[in-house]
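File shown: run_39.pdb. Contents: PDB, C-alpha atoms.
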```pdb
MODEL        1
ATOM      1  CA  MET A  44    -118.093  24.059  14.456
ATOM      2  CA  LYS A  45    -117.596  25.977  11.225
ATOM      3  CA  LYS A  46    -117.682  29.283  13.134
ATOM      4  CA  LEU A  47    -115.030  28.020  15.550
ATOM      5  CA  SER A  48    -112.736  27.022  12.646
ATOM      6  CA  VAL A  49    -113.164  30.448  11.002
ATOM      7  CA  LEU A  50    -112.505  32.167  14.340
ATOM      8  CA  LEU A  51    -109.320  30.125  14.892
ATOM      9  CA  CYS A  52    -108.127  30.898  11.352
ATOM     10  CA  LEU A  53    -108.721  34.613  11.896
ATOM     11  CA  LEU A  54    -106.921  34.479  15.240
ATOM     12  CA  LEU A  55    -103.992  32.649  13.648
ATOM     13  CA  LEU A  56    -103.915  35.166  10.807
ATOM     14  CA  ALA A  57    -103.883  38.033  13.342
ATOM     15  CA  PHE A  58    -100.828  36.521  15.106
ATOM     16  CA  VAL A  59     -98.999  36.125  11.790
ATOM     17  CA  VAL A  60     -99.715  39.733  10.792
ATOM     18  CA  VAL A  61     -98.588  41.068  14.182
ATOM     19  CA  GLY A  62     -95.421  38.950  14.065
ATOM     20  CA  CYS A  63     -94.509  40.178  10.581
ATOM     21  CA  GLY A  64     -95.065  43.794  11.485
ATOM     22  CA  SER A  65     -92.490  43.905  14.279
ATOM     23  CA  ASP A  66     -90.063  46.797  14.571
ATOM     24  CA  LYS A  67     -87.009  44.708  13.837
ATOM     25  CA  LYS A  68     -84.417  46.621  11.847
ATOM     26  CA  GLU A  69     -81.991  45.244   9.356
ATOM     27  CA  PRO A  70     -78.601  44.533  10.930
ATOM     28  CA  GLN A  71     -76.109  47.301  10.277
ATOM     29  CA  ALA A  72     -72.374  47.091  10.193
ATOM     30  CA  PRO A  73     -71.039  48.357  13.509
ATOM     31  CA  SER A  74     -69.089  51.556  13.368
ATOM     32  CA  SER A  75     -68.127  54.261  15.742
ATOM     33  CA  SER A  76     -67.468  57.924  15.317
ATOM     34  CA  ALA A  77     -65.475  60.673  16.891
ATOM     35  CA  SER A  78     -65.064  64.379  16.412
ATOM     36  CA  ASP A  79     -61.945  66.110  15.238
ATOM     37  CA  ILE A  80     -60.700  69.279  16.890
ATOM     38  CA  LEU A  81     -63.020  71.361  14.703
ATOM     39  CA  GLY A  82     -66.077  69.332  15.722
ATOM     40  CA  ASN A  83     -66.403  67.505  12.388
ATOM     41  CA  GLN A  84     -67.546  63.896  12.534
ATOM     42  CA  ILE A  85     -64.907  61.305  11.695
ATOM     43  CA  THR A  86     -65.793  57.673  11.055
ATOM     44  CA  VAL A  87     -63.463  55.395  12.936
ATOM     45  CA  PRO A  88     -62.773  51.874  11.626
ATOM     46  CA  ASN A  89     -64.093  49.029  13.747
ATOM     47  CA  GLY A  90     -61.701  47.837  16.405
ATOM     48  CA  ALA A  91     -60.055  51.235  16.618
ATOM     49  CA  ASP A  92     -59.507  53.077  19.830
ATOM     50  CA  ASN A  93     -61.781  56.074  19.439
ATOM     51  CA  THR A  94     -61.338  57.448  22.946
ATOM     52  CA  ALA A  95     -59.580  60.419  21.386
ATOM     53  CA  SER A  96     -62.814  61.998  20.225
ATOM     54  CA  SER A  97     -61.849  64.882  22.450
ATOM     55  CA  PRO A  98     -58.079  64.612  22.755
ATOM     56  CA  LYS A  99     -56.414  64.976  26.128
ATOM     57  CA  ILE A 100     -53.552  66.838  24.468
ATOM     58  CA  THR A 101     -54.471  70.215  22.955
ATOM     59  CA  PRO A 102     -52.914  71.416  19.689
ATOM     60  CA  GLU A 103     -50.944  74.042  21.624
ATOM     61  CA  ARG A 104     -49.612  71.424  24.065
ATOM     62  CA  ALA A 105     -48.705  69.176  21.124
ATOM     63  CA  LYS A 106     -46.633  72.026  19.642
ATOM     64  CA  GLU A 107     -44.895  72.533  23.006
ATOM     65  CA  ILE A 108     -44.069  68.818  23.182
ATOM     66  CA  ALA A 109     -42.764  68.914  19.598
ATOM     67  CA  PHE A 110     -40.481  71.885  20.305
ATOM     68  CA  GLU A 111     -39.242  70.293  23.547
ATOM     69  CA  SER A 112     -38.484  66.971  21.860
ATOM     70  CA  ALA A 113     -36.675  68.701  18.975
ATOM     71  CA  VAL A 114     -34.826  70.977  21.433
ATOM     72  CA  VAL A 115     -36.054  74.033  19.556
ATOM     73  CA  LYS A 116     -37.320  77.347  20.919
ATOM     74  CA  PRO A 117     -40.806  78.201  19.581
ATOM     75  CA  GLU A 118     -39.655  81.611  18.399
ATOM     76  CA  GLU A 119     -37.009  79.949  16.182
ATOM     77  CA  ALA A 120     -39.597  77.872  14.295
ATOM     78  CA  GLN A 121     -41.125  79.024  11.046
ATOM     79  CA  PHE A 122     -44.047  77.618   9.034
ATOM     80  CA  VAL A 123     -45.597  75.662  11.882
ATOM     81  CA  GLU A 124     -48.270  73.255  10.638
ATOM     82  CA  VAL A 125     -50.391  71.130  12.990
ATOM     83  CA  GLU A 126     -52.699  68.360  11.750
ATOM     84  CA  TYR A 127     -54.956  66.123  13.850
ATOM     85  CA  ASP A 128     -55.871  62.792  12.303
ATOM     86  CA  TYR A 129     -56.364  59.083  12.764
ATOM     87  CA  ASP A 130     -53.343  56.858  12.187
ATOM     88  CA  ASP A 131     -54.240  53.395  10.851
ATOM     89  CA  ASP A 132     -50.807  51.975  11.657
ATOM     90  CA  TRP A 133     -51.155  52.157  15.417
ATOM     91  CA  ARG A 134     -54.946  52.762  15.523
ATOM     92  CA  GLY A 135     -55.076  56.037  17.362
ATOM     93  CA  TYR A 136     -55.327  59.775  16.940
ATOM     94  CA  GLU A 137     -52.218  61.852  16.581
ATOM     95  CA  TYR A 138     -50.944  65.320  15.883
ATOM     96  CA  SER A 139     -48.571  65.719  12.950
ATOM     97  CA  ILE A 140     -46.451  68.819  13.395
ATOM     98  CA  GLU A 141     -44.107  70.241  10.781
ATOM     99  CA  PHE A 142     -41.885  73.292  11.060
ATOM    100  CA  ASN A 143     -38.591  74.707   9.827
ATOM    101  CA  VAL A 144     -35.649  76.075  11.751
ATOM    102  CA  GLY A 145     -33.175  77.593   9.336
ATOM    103  CA  SER A 146     -32.511  74.957   6.684
ATOM    104  CA  LEU A 147     -33.737  72.063   8.888
ATOM    105  CA  GLU A 148     -37.240  70.689   8.421
ATOM    106  CA  TYR A 149     -38.843  68.871  11.358
ATOM    107  CA  ASP A 150     -41.660  66.311  11.096
ATOM    108  CA  ILE A 151     -42.982  65.142  14.465
ATOM    109  CA  GLU A 152     -45.951  62.902  15.336
ATOM    110  CA  ILE A 153     -47.467  62.977  18.820
ATOM    111  CA  ASN A 154     -50.068  60.682  20.386
ATOM    112  CA  ALA A 155     -53.132  62.897  20.995
ATOM    113  CA  GLU A 156     -54.076  61.006  24.153
ATOM    114  CA  THR A 157     -50.767  60.549  25.945
ATOM    115  CA  GLY A 158     -48.461  63.180  24.464
ATOM    116  CA  GLU A 159     -45.922  60.485  23.575
ATOM    117  CA  VAL A 160     -43.633  61.369  20.667
ATOM    118  CA  LEU A 161     -44.272  58.683  18.051
ATOM    119  CA  LYS A 162     -41.921  60.018  15.380
ATOM    120  CA  LEU A 163     -39.282  62.720  15.201
ATOM    121  CA  GLU A 164     -37.594  63.287  11.866
ATOM    122  CA  LYS A 165     -35.435  66.145  10.758
ATOM    123  CA  SER A 166     -33.952  66.710   7.357
ATOM    124  CA  TYR A 167     -32.370  69.479   5.356
ATOM    125  CA  ASP A 168     -34.899  71.527   3.433
ATOM    126  CA  ASP A 169     -34.147  71.594  -0.289
TER     127      ASP A 169
ENDMDL
END
```
Have the structure of the file written as structure tokens, please.
Amino acid sequence: MKKLSVLLCLLLLAFVVVGCGSDKKEPQAPSSSASDILGNQITVPNGADNTASSPKITPERAKEIAFESAVVKPEEAQFVEVEYDYDDDWRGYEYSIEFNVGSLEYDIEINAETGEVLKLEKSYDD
């Protein structure tokens, strides 16, 4: 009877050891990532629409849309700057495009997925 008790204790101990040695990992905060137009990883806040990891609108197309919306010919624009980034306000990727035409400075934001003009501002350059 003593041998049976020792055997049961060893069997129970084996189950405990196997159960404690499982491959369970600590829970991690969910996050998602995307790549910018240069291929760099960007961490996207939870709940954000990260379908723009490879934008449907190219930087060149974004510039075309910006010039069309501002009614400006590309050859008239100087100091064209294009940035691709994540906008926390509307939770999506956008292109920010800035350029000058004469003394006017244009600042235009375009949705990187749809091509929609989100903002068009023009002001006199000081």
Task: Distance query Glu126 of chain A at most 10 Å, all atoms listed in the file, self and fewer than 4 positions along chain excluded, as an MDAnalysis selection string - done: chainID A and resid 80 102 137:141 152
- [ ] Give the answer as one residue: which of A:Asp130, A:Val160, A:Lys99, A:Tyr136 has the shortest atom-to-atom distance to Ala113 of chain A, using only C-alpha atoms?
- [x] A:Val160
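Closest approach to Gly145 of chain A among A:Glu164, A:Asp131, A:Glu159, A:Glu119 is made by A:Glu119 (distances from only C-alpha atoms).
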Open item on the list: Report, in Å to a single decimal, how far apart atom CA of Leu161 of chain A and atom CA of Gln121 of chain A are.
Closed with: 21.7 Å
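Rounded to one decimal, atom CA of Tyr129 of chain A and atom CA of Ser166 of chain A lie 24.3 Å from each other.
Across the model, the gap from atom CA of Trp133 of chain A to atom CA of Tyr167 of chain A is 27.5 Å.
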With all heavy atoms as the target, complete segment 156-167 of chain A and hand it back as a short mmCIF file (atom, residue, chain, number, x, y, z; two decimals), keeping the file's coordinate frame.
```cif
data_model
loop_
_atom_site.label_atom_id
_atom_site.label_comp_id
_atom_site.auth_asym_id
_atom_site.auth_seq_id
_atom_site.Cartn_x
_atom_site.Cartn_y
_atom_site.Cartn_z
N GLU A 156 -53.57 61.37 22.84
CA GLU A 156 -54.08 61.01 24.15
C GLU A 156 -53.01 61.10 25.24
O GLU A 156 -53.28 61.56 26.33
CB GLU A 156 -54.64 59.57 24.13
CG GLU A 156 -55.98 59.47 23.45
CD GLU A 156 -57.05 60.24 24.20
OE1 GLU A 156 -57.34 59.91 25.36
OE2 GLU A 156 -57.58 61.19 23.62
N THR A 157 -51.81 60.65 24.91
CA THR A 157 -50.77 60.55 25.94
C THR A 157 -49.69 61.62 25.83
O THR A 157 -48.96 61.85 26.80
CB THR A 157 -50.07 59.18 25.87
OG1 THR A 157 -49.38 59.08 24.62
CG2 THR A 157 -51.08 58.04 26.01
N GLY A 158 -49.53 62.21 24.67
CA GLY A 158 -48.46 63.18 24.46
C GLY A 158 -47.13 62.53 24.10
O GLY A 158 -46.12 63.21 23.95
N GLU A 159 -47.15 61.21 23.93
CA GLU A 159 -45.92 60.48 23.58
C GLU A 159 -45.49 60.86 22.16
O GLU A 159 -46.30 60.95 21.24
CB GLU A 159 -46.18 58.99 23.65
CG GLU A 159 -45.03 58.13 23.17
CD GLU A 159 -45.40 56.66 23.05
OE1 GLU A 159 -46.55 56.28 23.31
OE2 GLU A 159 -44.50 55.88 22.69
N VAL A 160 -44.18 61.08 22.00
CA VAL A 160 -43.63 61.37 20.67
C VAL A 160 -43.52 60.04 19.93
O VAL A 160 -42.79 59.14 20.34
CB VAL A 160 -42.26 62.08 20.76
CG1 VAL A 160 -41.67 62.29 19.39
CG2 VAL A 160 -42.40 63.40 21.50
N LEU A 161 -44.25 59.92 18.84
CA LEU A 161 -44.27 58.68 18.05
C LEU A 161 -43.21 58.70 16.96
O LEU A 161 -42.71 57.66 16.56
CB LEU A 161 -45.65 58.50 17.41
CG LEU A 161 -46.83 58.46 18.37
CD1 LEU A 161 -48.14 58.48 17.61
CD2 LEU A 161 -46.75 57.23 19.25
N LYS A 162 -42.91 59.90 16.45
CA LYS A 162 -41.92 60.02 15.38
C LYS A 162 -41.29 61.40 15.46
O LYS A 162 -41.98 62.38 15.70
CB LYS A 162 -42.60 59.84 14.02
CG LYS A 162 -41.65 60.00 12.83
CD LYS A 162 -42.38 59.76 11.51
CE LYS A 162 -42.82 61.07 10.94
NZ LYS A 162 -43.37 60.96 9.58
N LEU A 163 -39.98 61.45 15.28
CA LEU A 163 -39.28 62.72 15.20
C LEU A 163 -38.27 62.59 14.08
O LEU A 163 -37.31 61.84 14.19
CB LEU A 163 -38.58 63.06 16.51
CG LEU A 163 -38.00 64.47 16.62
CD1 LEU A 163 -37.94 64.93 18.05
CD2 LEU A 163 -36.67 64.62 15.96
N GLU A 164 -38.51 63.30 13.00
CA GLU A 164 -37.59 63.29 11.87
C GLU A 164 -37.17 64.71 11.56
O GLU A 164 -37.96 65.64 11.63
CB GLU A 164 -38.26 62.70 10.62
CG GLU A 164 -38.56 61.24 10.71
CD GLU A 164 -39.22 60.70 9.44
OE1 GLU A 164 -39.55 61.49 8.52
OE2 GLU A 164 -39.44 59.48 9.37
N LYS A 165 -35.89 64.85 11.24
CA LYS A 165 -35.44 66.14 10.76
C LYS A 165 -34.56 65.92 9.53
O LYS A 165 -33.84 64.94 9.44
CB LYS A 165 -34.72 66.95 11.85
CG LYS A 165 -33.45 66.36 12.38
CD LYS A 165 -32.87 67.27 13.44
CE LYS A 165 -31.63 66.65 14.06
NZ LYS A 165 -31.03 67.53 15.05
N SER A 166 -34.70 66.83 8.60
CA SER A 166 -33.95 66.71 7.36
C SER A 166 -33.65 68.11 6.84
O SER A 166 -34.27 69.09 7.27
CB SER A 166 -34.76 65.93 6.32
OG SER A 166 -35.98 66.56 6.07
N TYR A 167 -32.70 68.18 5.94
CA TYR A 167 -32.37 69.48 5.36
C TYR A 167 -33.39 69.82 4.28
O TYR A 167 -33.72 69.00 3.43
CB TYR A 167 -30.95 69.48 4.78
CG TYR A 167 -29.91 69.54 5.86
CD1 TYR A 167 -29.26 68.39 6.30
CD2 TYR A 167 -29.60 70.75 6.46
CE1 TYR A 167 -28.32 68.45 7.30
CE2 TYR A 167 -28.66 70.82 7.47
CZ TYR A 167 -28.03 69.66 7.90
OH TYR A 167 -27.10 69.73 8.90
#
```
